[in-house]
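Peer 1: Encoded as structure tokens, here's the structure I'll be asking about.
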Amino acid sequence: MSCWDEWVEEALSRLESMKILRSLRPIHYPLENKPKTDNALLVFDEMRQWDRASVEIQIAESTFQRWLKDVPSSGDDLTCEDTDSECELGLCPERFRKLLLFSGNDYLGLSSHPAVANAATKVVQDHGMGPRGSALICGYTTYHRQLESCLAESKNKEDCLLCPTGFSANMAFMTVAGYVGSLSAVNETDCQDGVAIFSDALNHASIIDGIRLAERQGCVQVFIYRHCDMNHLNGLLLNCSMKKKVVVTDSLFSMDGDYAPMVQLSKLRKKHGFLLVVDDAHGTLVCGKNGGGVPEEFGCANDVDICIGTLSKAVGCHGGFIACSKRWKQLIQSRGRAFIFSTSTPVPIIAAAHAAVVVAKKETWRRKAIWNRVQEFRTLTGIPITSHIISLVVGSEEQALKASRHMLKCGFHITAIRPPTVPPNLCRLRITLSAAHTKSDIRKLTFALSQCISLRESGYFYTNGTPKL
């Protein structure tokens, strides 16, 4: 048993003695025999027309015009169907504009898959939305348990805990990590027995906010290491005398499209004995031979102690999860406030997500397709991208908005990323590729991009990130 296992056991014993150890008791809905259910799903060996629904969209002409002029909107833009007066005045010559989506996170195009839609439809017809309540009260069902088991297997972990969102999953875990540190600390002024959290400078906002909440419990010290700089991290670890250490990182960074140095992190874990926590939101189902994510891609899945993910990206649905040991699951479900005090995800969404994970495993062509699109973009532009997230740094906010407007006129939905998401002079176009895109889409995209920015001169990511905390 590792030191962290012992500390988690200590925390669980404390909760049990206080009689606040919480349990998940699934409400039973009859599930079809699992092998039959998986085999009955509609799967295909190539792209079909419905896959395009995940990347072909349309917006009202009024929305299009306001976007071009950068007019603020609260989502209440009028369309021709709302009023005939605008059309009579010639303000709405076309009802809708068709756009090709290059800014979404539906990386495998599963949101429009018939098997996913059928799974949700059947459950709605049989059970409605399911019991509405937190998971600890009445919101946890056999459907939730089935999806947790499927995700645990995919992530090569003992168990899994579903959360309402990926954001809440990170919040729940980080606050529980802080709780473990507070147990053995004598007082808040002497925190040597607390927890030291080491976080990448460019980690997601959910990790940052979770760490901030953990700090409020006292006896948590936070260290920010330069983006993907393992020498800096190693130095911080060496100079830290606290026993309980946690290193947390995104696996694939959402604004830069670069990977955490998983192999080096694994080596440092063996050297320093820290708990390695990885947010694999953008790698789940996309990376790795079996879709296990970035840790699988780099052969480090067994070295990741906690794997946090989302169901709203490559899974094409909604929700989040924490893949971990049974000990950690019981601790998080007992102390993770973001989990405890949130209503559980509706049963139809859970059923759809389970279908999507199964389809992703069977339709291996989807992972091959998205990586073909990555290679095609790299070949056409000469930009050495390494993932399906492409960050084209153009400079100022004005330059980014101008480039985004050009792409909009060319029929592409690509948004400008501006402060506070990124630093002021590192504004960019963030482009995401999907298995539902075609080679022709990539050609048109790169041609349009070449008309508004110099592809070979633009920075496609930056690595000298400054701390956000």
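Labels used: A, B, ... for chains in the order of the structure tokens, numbers from 1 for residues in each chain, and numbers from 1 for ligands as shown.
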Taking 5 positions as the minimum chain separation for residues in the same chain, which residues sit within 6 Å of Thr141 (chain A) when counting only C-alpha atoms? Answer as a list in words.
Peer 2: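 That gives Pro26, Ile27 and His28 of chain A.
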Peer 1: Could you write out that same residue set with N, CA and C atoms as an mmCIF file, in the first residue's frame?
Peer 2:
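Contents of the output file part35.cif:
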data_model
loop_
_atom_site.group_PDB
_atom_site.id
_atom_site.type_symbol
_atom_site.label_atom_id
_atom_site.label_comp_id
_atom_site.auth_asym_id
_atom_site.auth_seq_id
_atom_site.Cartn_x
_atom_site.Cartn_y
_atom_site.Cartn_z
ATOM 1 N N PRO A 26 -27.804 2.573 -6.041
ATOM 2 C CA PRO A 26 -28.480 2.778 -7.332
ATOM 3 C C PRO A 26 -29.951 2.361 -7.342
ATOM 4 N N ILE A 27 -30.771 3.236 -7.894
ATOM 5 C CA ILE A 27 -32.162 2.881 -8.170
ATOM 6 C C ILE A 27 -32.161 1.953 -9.374
ATOM 7 N N HIS A 28 -32.861 0.852 -9.255
ATOM 8 C CA HIS A 28 -32.782 -0.177 -10.286
ATOM 9 C C HIS A 28 -33.707 0.106 -11.454
#
Peer 1: Output as a VMD selection string all residues of region 166-311 of chain A that backbone DSSP marks as helix (DSSP H, G or I).
Peer 2: chain A and resid 166 to 184 205 to 215 230 to 238 262 to 272 294 to 297 301 to 303
Peer 1: If we count only C-alpha atoms and set the cut-off at 7 Å, which residues sit around region 398-400 of chain A, ignoring sequence neighbours fewer than 5 positions away in its own chain? Please answer as a short mmCIF file (atom, residue, chain, number, x, y, z; two decimals) with all heavy atoms, in the first residue's frame.
Peer 2:
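Final output, part-v7.cif:
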data_model
loop_
_atom_site.label_atom_id
_atom_site.label_comp_id
_atom_site.auth_asym_id
_atom_site.auth_seq_id
_atom_site.Cartn_x
_atom_site.Cartn_y
_atom_site.Cartn_z
N ALA A 416 -12.46 34.02 -32.22
CA ALA A 416 -11.21 34.60 -31.73
C ALA A 416 -11.12 34.38 -30.23
O ALA A 416 -12.08 34.60 -29.49
CB ALA A 416 -11.19 36.10 -32.04
N CYS A 427 -3.45 36.77 -28.55
CA CYS A 427 -4.79 36.42 -29.04
C CYS A 427 -4.64 35.50 -30.25
O CYS A 427 -3.65 35.56 -30.98
CB CYS A 427 -5.57 37.68 -29.40
SG CYS A 427 -5.85 38.76 -27.99
N ARG A 428 -5.66 34.69 -30.48
CA ARG A 428 -5.48 33.63 -31.47
C ARG A 428 -6.79 33.15 -32.07
O ARG A 428 -7.88 33.45 -31.58
CB ARG A 428 -4.81 32.44 -30.80
CG ARG A 428 -5.67 31.81 -29.70
CD ARG A 428 -4.89 30.91 -28.78
NE ARG A 428 -3.88 31.66 -28.05
CZ ARG A 428 -2.92 31.10 -27.33
NH1 ARG A 428 -2.86 29.80 -27.22
NH2 ARG A 428 -2.04 31.83 -26.69
N LEU A 429 -6.66 32.37 -33.12
CA LEU A 429 -7.75 31.57 -33.64
C LEU A 429 -7.53 30.16 -33.12
O LEU A 429 -6.45 29.59 -33.29
CB LEU A 429 -7.77 31.55 -35.17
CG LEU A 429 -8.04 32.87 -35.90
CD1 LEU A 429 -8.07 32.64 -37.40
CD2 LEU A 429 -9.32 33.51 -35.41
#
Peer 1: Would you kindly return, as a tab-separated table (two decimals) with C-alpha atoms, in the first residue's frame, each protein, DNA or RNA residue with an atom no farther than 7 Å from any atom of Lys98 (chain A), considering only C-alpha atoms and excluding same-chain residues fewer than 4 positions away?
Peer 2:
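Generated output (selection-v1.tsv):
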chain	number	residue	atom	x	y	z
A	57	ILE	CA	-24.49	24.31	-38.84
A	58	GLN	CA	-26.47	27.42	-39.67
A	59	ILE	CA	-27.06	30.77	-37.99
A	411	GLY	CA	-18.24	30.16	-44.21
Peer 1: Which parts of region 351-428 of chain A does DSSP call strand (DSSP E) when run on the backbone here, written out as a ChimeraX atom specification?
Peer 2: /A:389-395,412-413,416-417,427-428
Peer 1: For the residues in that selection, give me N, CA, C and O atoms as an mmCIF file, in the first residue's frame.
Peer 2:
data_model
loop_
_atom_site.group_PDB
_atom_site.id
_atom_site.type_symbol
_atom_site.label_atom_id
_atom_site.label_comp_id
_atom_site.auth_asym_id
_atom_site.auth_seq_id
_atom_site.Cartn_x
_atom_site.Cartn_y
_atom_site.Cartn_z
ATOM 1 N N ILE A 389 -6.207 19.998 -31.770
ATOM 2 C CA ILE A 389 -6.431 21.376 -31.335
ATOM 3 C C ILE A 389 -5.322 22.241 -31.913
ATOM 4 O O ILE A 389 -4.141 22.013 -31.642
ATOM 5 N N ILE A 390 -5.708 23.220 -32.730
ATOM 6 C CA ILE A 390 -4.730 24.056 -33.432
ATOM 7 C C ILE A 390 -4.854 25.482 -32.925
ATOM 8 O O ILE A 390 -5.922 26.099 -33.012
ATOM 9 N N SER A 391 -3.780 26.002 -32.397
ATOM 10 C CA SER A 391 -3.767 27.350 -31.846
ATOM 11 C C SER A 391 -2.905 28.236 -32.723
ATOM 12 O O SER A 391 -1.685 28.108 -32.750
ATOM 13 N N LEU A 392 -3.552 29.146 -33.460
ATOM 14 C CA LEU A 392 -2.829 30.051 -34.345
ATOM 15 C C LEU A 392 -2.774 31.434 -33.696
ATOM 16 O O LEU A 392 -3.743 32.188 -33.725
ATOM 17 N N VAL A 393 -1.643 31.744 -33.112
ATOM 18 C CA VAL A 393 -1.467 33.019 -32.423
ATOM 19 C C VAL A 393 -1.248 34.115 -33.457
ATOM 20 O O VAL A 393 -0.328 34.045 -34.274
ATOM 21 N N VAL A 394 -2.107 35.145 -33.421
ATOM 22 C CA VAL A 394 -2.020 36.225 -34.406
ATOM 23 C C VAL A 394 -1.627 37.557 -33.782
ATOM 24 O O VAL A 394 -1.325 38.511 -34.497
ATOM 25 N N GLY A 395 -1.655 37.659 -32.450
ATOM 26 C CA GLY A 395 -1.187 38.880 -31.795
ATOM 27 C C GLY A 395 -2.261 39.597 -31.018
ATOM 28 O O GLY A 395 -2.773 39.087 -30.018
ATOM 29 N N PHE A 412 -16.826 29.751 -42.270
ATOM 30 C CA PHE A 412 -16.267 28.928 -41.201
ATOM 31 C C PHE A 412 -16.600 29.517 -39.830
ATOM 32 O O PHE A 412 -16.461 30.721 -39.614
ATOM 33 N N HIS A 413 -17.043 28.669 -38.932
ATOM 34 C CA HIS A 413 -17.321 29.081 -37.549
ATOM 35 C C HIS A 413 -16.057 28.865 -36.735
ATOM 36 O O HIS A 413 -15.767 27.755 -36.272
ATOM 37 N N ALA A 416 -12.457 34.016 -32.223
ATOM 38 C CA ALA A 416 -11.212 34.604 -31.728
ATOM 39 C C ALA A 416 -11.121 34.382 -30.226
ATOM 40 O O ALA A 416 -12.081 34.605 -29.494
ATOM 41 N N ILE A 417 -9.979 33.917 -29.775
ATOM 42 C CA ILE A 417 -9.746 33.709 -28.342
ATOM 43 C C ILE A 417 -8.990 34.918 -27.811
ATOM 44 O O ILE A 417 -7.896 35.235 -28.276
ATOM 45 N N CYS A 427 -3.455 36.768 -28.548
ATOM 46 C CA CYS A 427 -4.790 36.416 -29.040
ATOM 47 C C CYS A 427 -4.638 35.500 -30.253
ATOM 48 O O CYS A 427 -3.648 35.560 -30.981
ATOM 49 N N ARG A 428 -5.663 34.688 -30.480
ATOM 50 C CA ARG A 428 -5.481 33.631 -31.467
ATOM 51 C C ARG A 428 -6.790 33.153 -32.074
ATOM 52 O O ARG A 428 -7.877 33.447 -31.581
#
Peer 1: CA of Ala60 (chain A) to CA of Arg97 (chain A): how many Å, to one decimal?
Peer 2: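 For CA of Ala60 (chain A) relative to CA of Arg97 (chain A), the distance reads 6.2 Å.
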Peer 1: Taking into account only C-alpha atoms, which residue in the set A:Lys409, A:Ser325, A:Gly336, A:Val358 is nearest to Val8 (chain A)?
Peer 2: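 When distances to Val8 (chain A) are compared using only C-alpha atoms, the smallest one comes from A:Ser325.
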Peer 1: Applying 12 Å and only C-alpha atoms, which residues near Leu237 (chain A) remain after dropping the ones on its own chain fewer than 5 positions away? List them as a list in words.
Peer 2: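 The neighbour list is Ala196, Ile197, Phe198, Ser199, Val222, Phe223, Ile224, Tyr225, Met230, Asn231, His232, Met242, Lys243, Lys244, Lys245, Val246, Val247, Leu265, Leu268, Arg269, Lys271, His272, Gly273 and Phe274 of chain A.
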Peer 1: Which residues, written as a tab-separated table (two decimals) with C-alpha atoms, in the first residue's frame, have at least one atom at most 10 Å from Gln49 (chain A), with only C-alpha atoms counted and residues fewer than 4 positions away on the same chain left out?
Peer 2:
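File written: part-v3.tsv
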chain	number	residue	atom	x	y	z
A	53	ALA	CA	-24.65	17.18	-38.70
A	112	SER	CA	-25.21	12.94	-34.18
A	113	HIS	CA	-24.71	9.16	-34.24
A	436	ALA	CA	-16.63	14.32	-39.31
Peer 1: Can you tell me, as JSON, numbers by chain, what residues are no more than 7 Å from Leu162 (chain A) when counting only C-alpha atoms, ignoring any on the same chain fewer than 4 positions away?
Peer 2: {"A": [148, 320, 321, 322]}
Peer 1: Write a file of the selected residues as a JSON list (two decimals), in the first residue's frame, keeping N, CA and C atoms.
Peer 2:
[["chain", "number", "residue", "atom", "x", "y", "z"],
["A", 148, "GLU", "N", -20.19, 4.19, -15.39],
["A", 148, "GLU", "CA", -18.99, 4.27, -14.56],
["A", 148, "GLU", "C", -18.07, 3.08, -14.79],
["A", 320, "GLY", "N", -19.27, 14.78, -16.50],
["A", 320, "GLY", "CA", -17.87, 14.61, -16.19],
["A", 320, "GLY", "C", -17.66, 13.35, -15.37],
["A", 321, "PHE", "N", -16.40, 13.00, -15.15],
["A", 321, "PHE", "CA", -16.12, 11.80, -14.36],
["A", 321, "PHE", "C", -14.73, 11.85, -13.75],
["A", 322, "ILE", "N", -14.55, 11.04, -12.71],
["A", 322, "ILE", "CA", -13.25, 10.87, -12.05],
["A", 322, "ILE", "C", -12.96, 9.38, -12.02]]
Peer 1: My list of candidates is A:Thr63, A:Ser450, A:Ala281, A:Thr175. Which is closest to Phe96 (chain A) when distances are computed with only C-alpha atoms?
Peer 2: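 Of all the options, A:Thr63 lies closest to Phe96 (chain A).
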Peer 1: Within 7 Å of region 287-308 of chain A, which residues of region 111-187 of chain A come that close, and what is the closest atom pair and distance in Å for each? Count only C-alpha atoms and give it as CSV.
Peer 2:
residue,atom,partner,partner_atom,distance
A:Ser154,CA,A:Gly292,CA,5.4
A:Lys155,CA,A:Gly292,CA,5.4
A:Asn156,CA,A:Ala301,CA,7.0
A:Ala169,CA,A:Ile308,CA,6.9
A:Asn170,CA,A:Ile308,CA,7.0
Peer 1: Would you mind reading off the distance between CA of Leu41 (chain A) and CA of Ala115 (chain A), one decimal, in Å?
Peer 2: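 Between CA of Leu41 (chain A) and CA of Ala115 (chain A) the gap works out to 5.7 Å.
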Peer 1: Ranking A:Pro164, A:Arg405, A:Phe102, A:Ser149 by minimum distance to His388 (chain A) and counting only C-alpha atoms, which one comes first?
Peer 2: A:Phe102
Peer 1: Do you have the CA of Leu101 (chain A)-CA of Phe377 (chain A) distance handy?
Peer 2: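 Those two atoms sit 15.6 Å apart.
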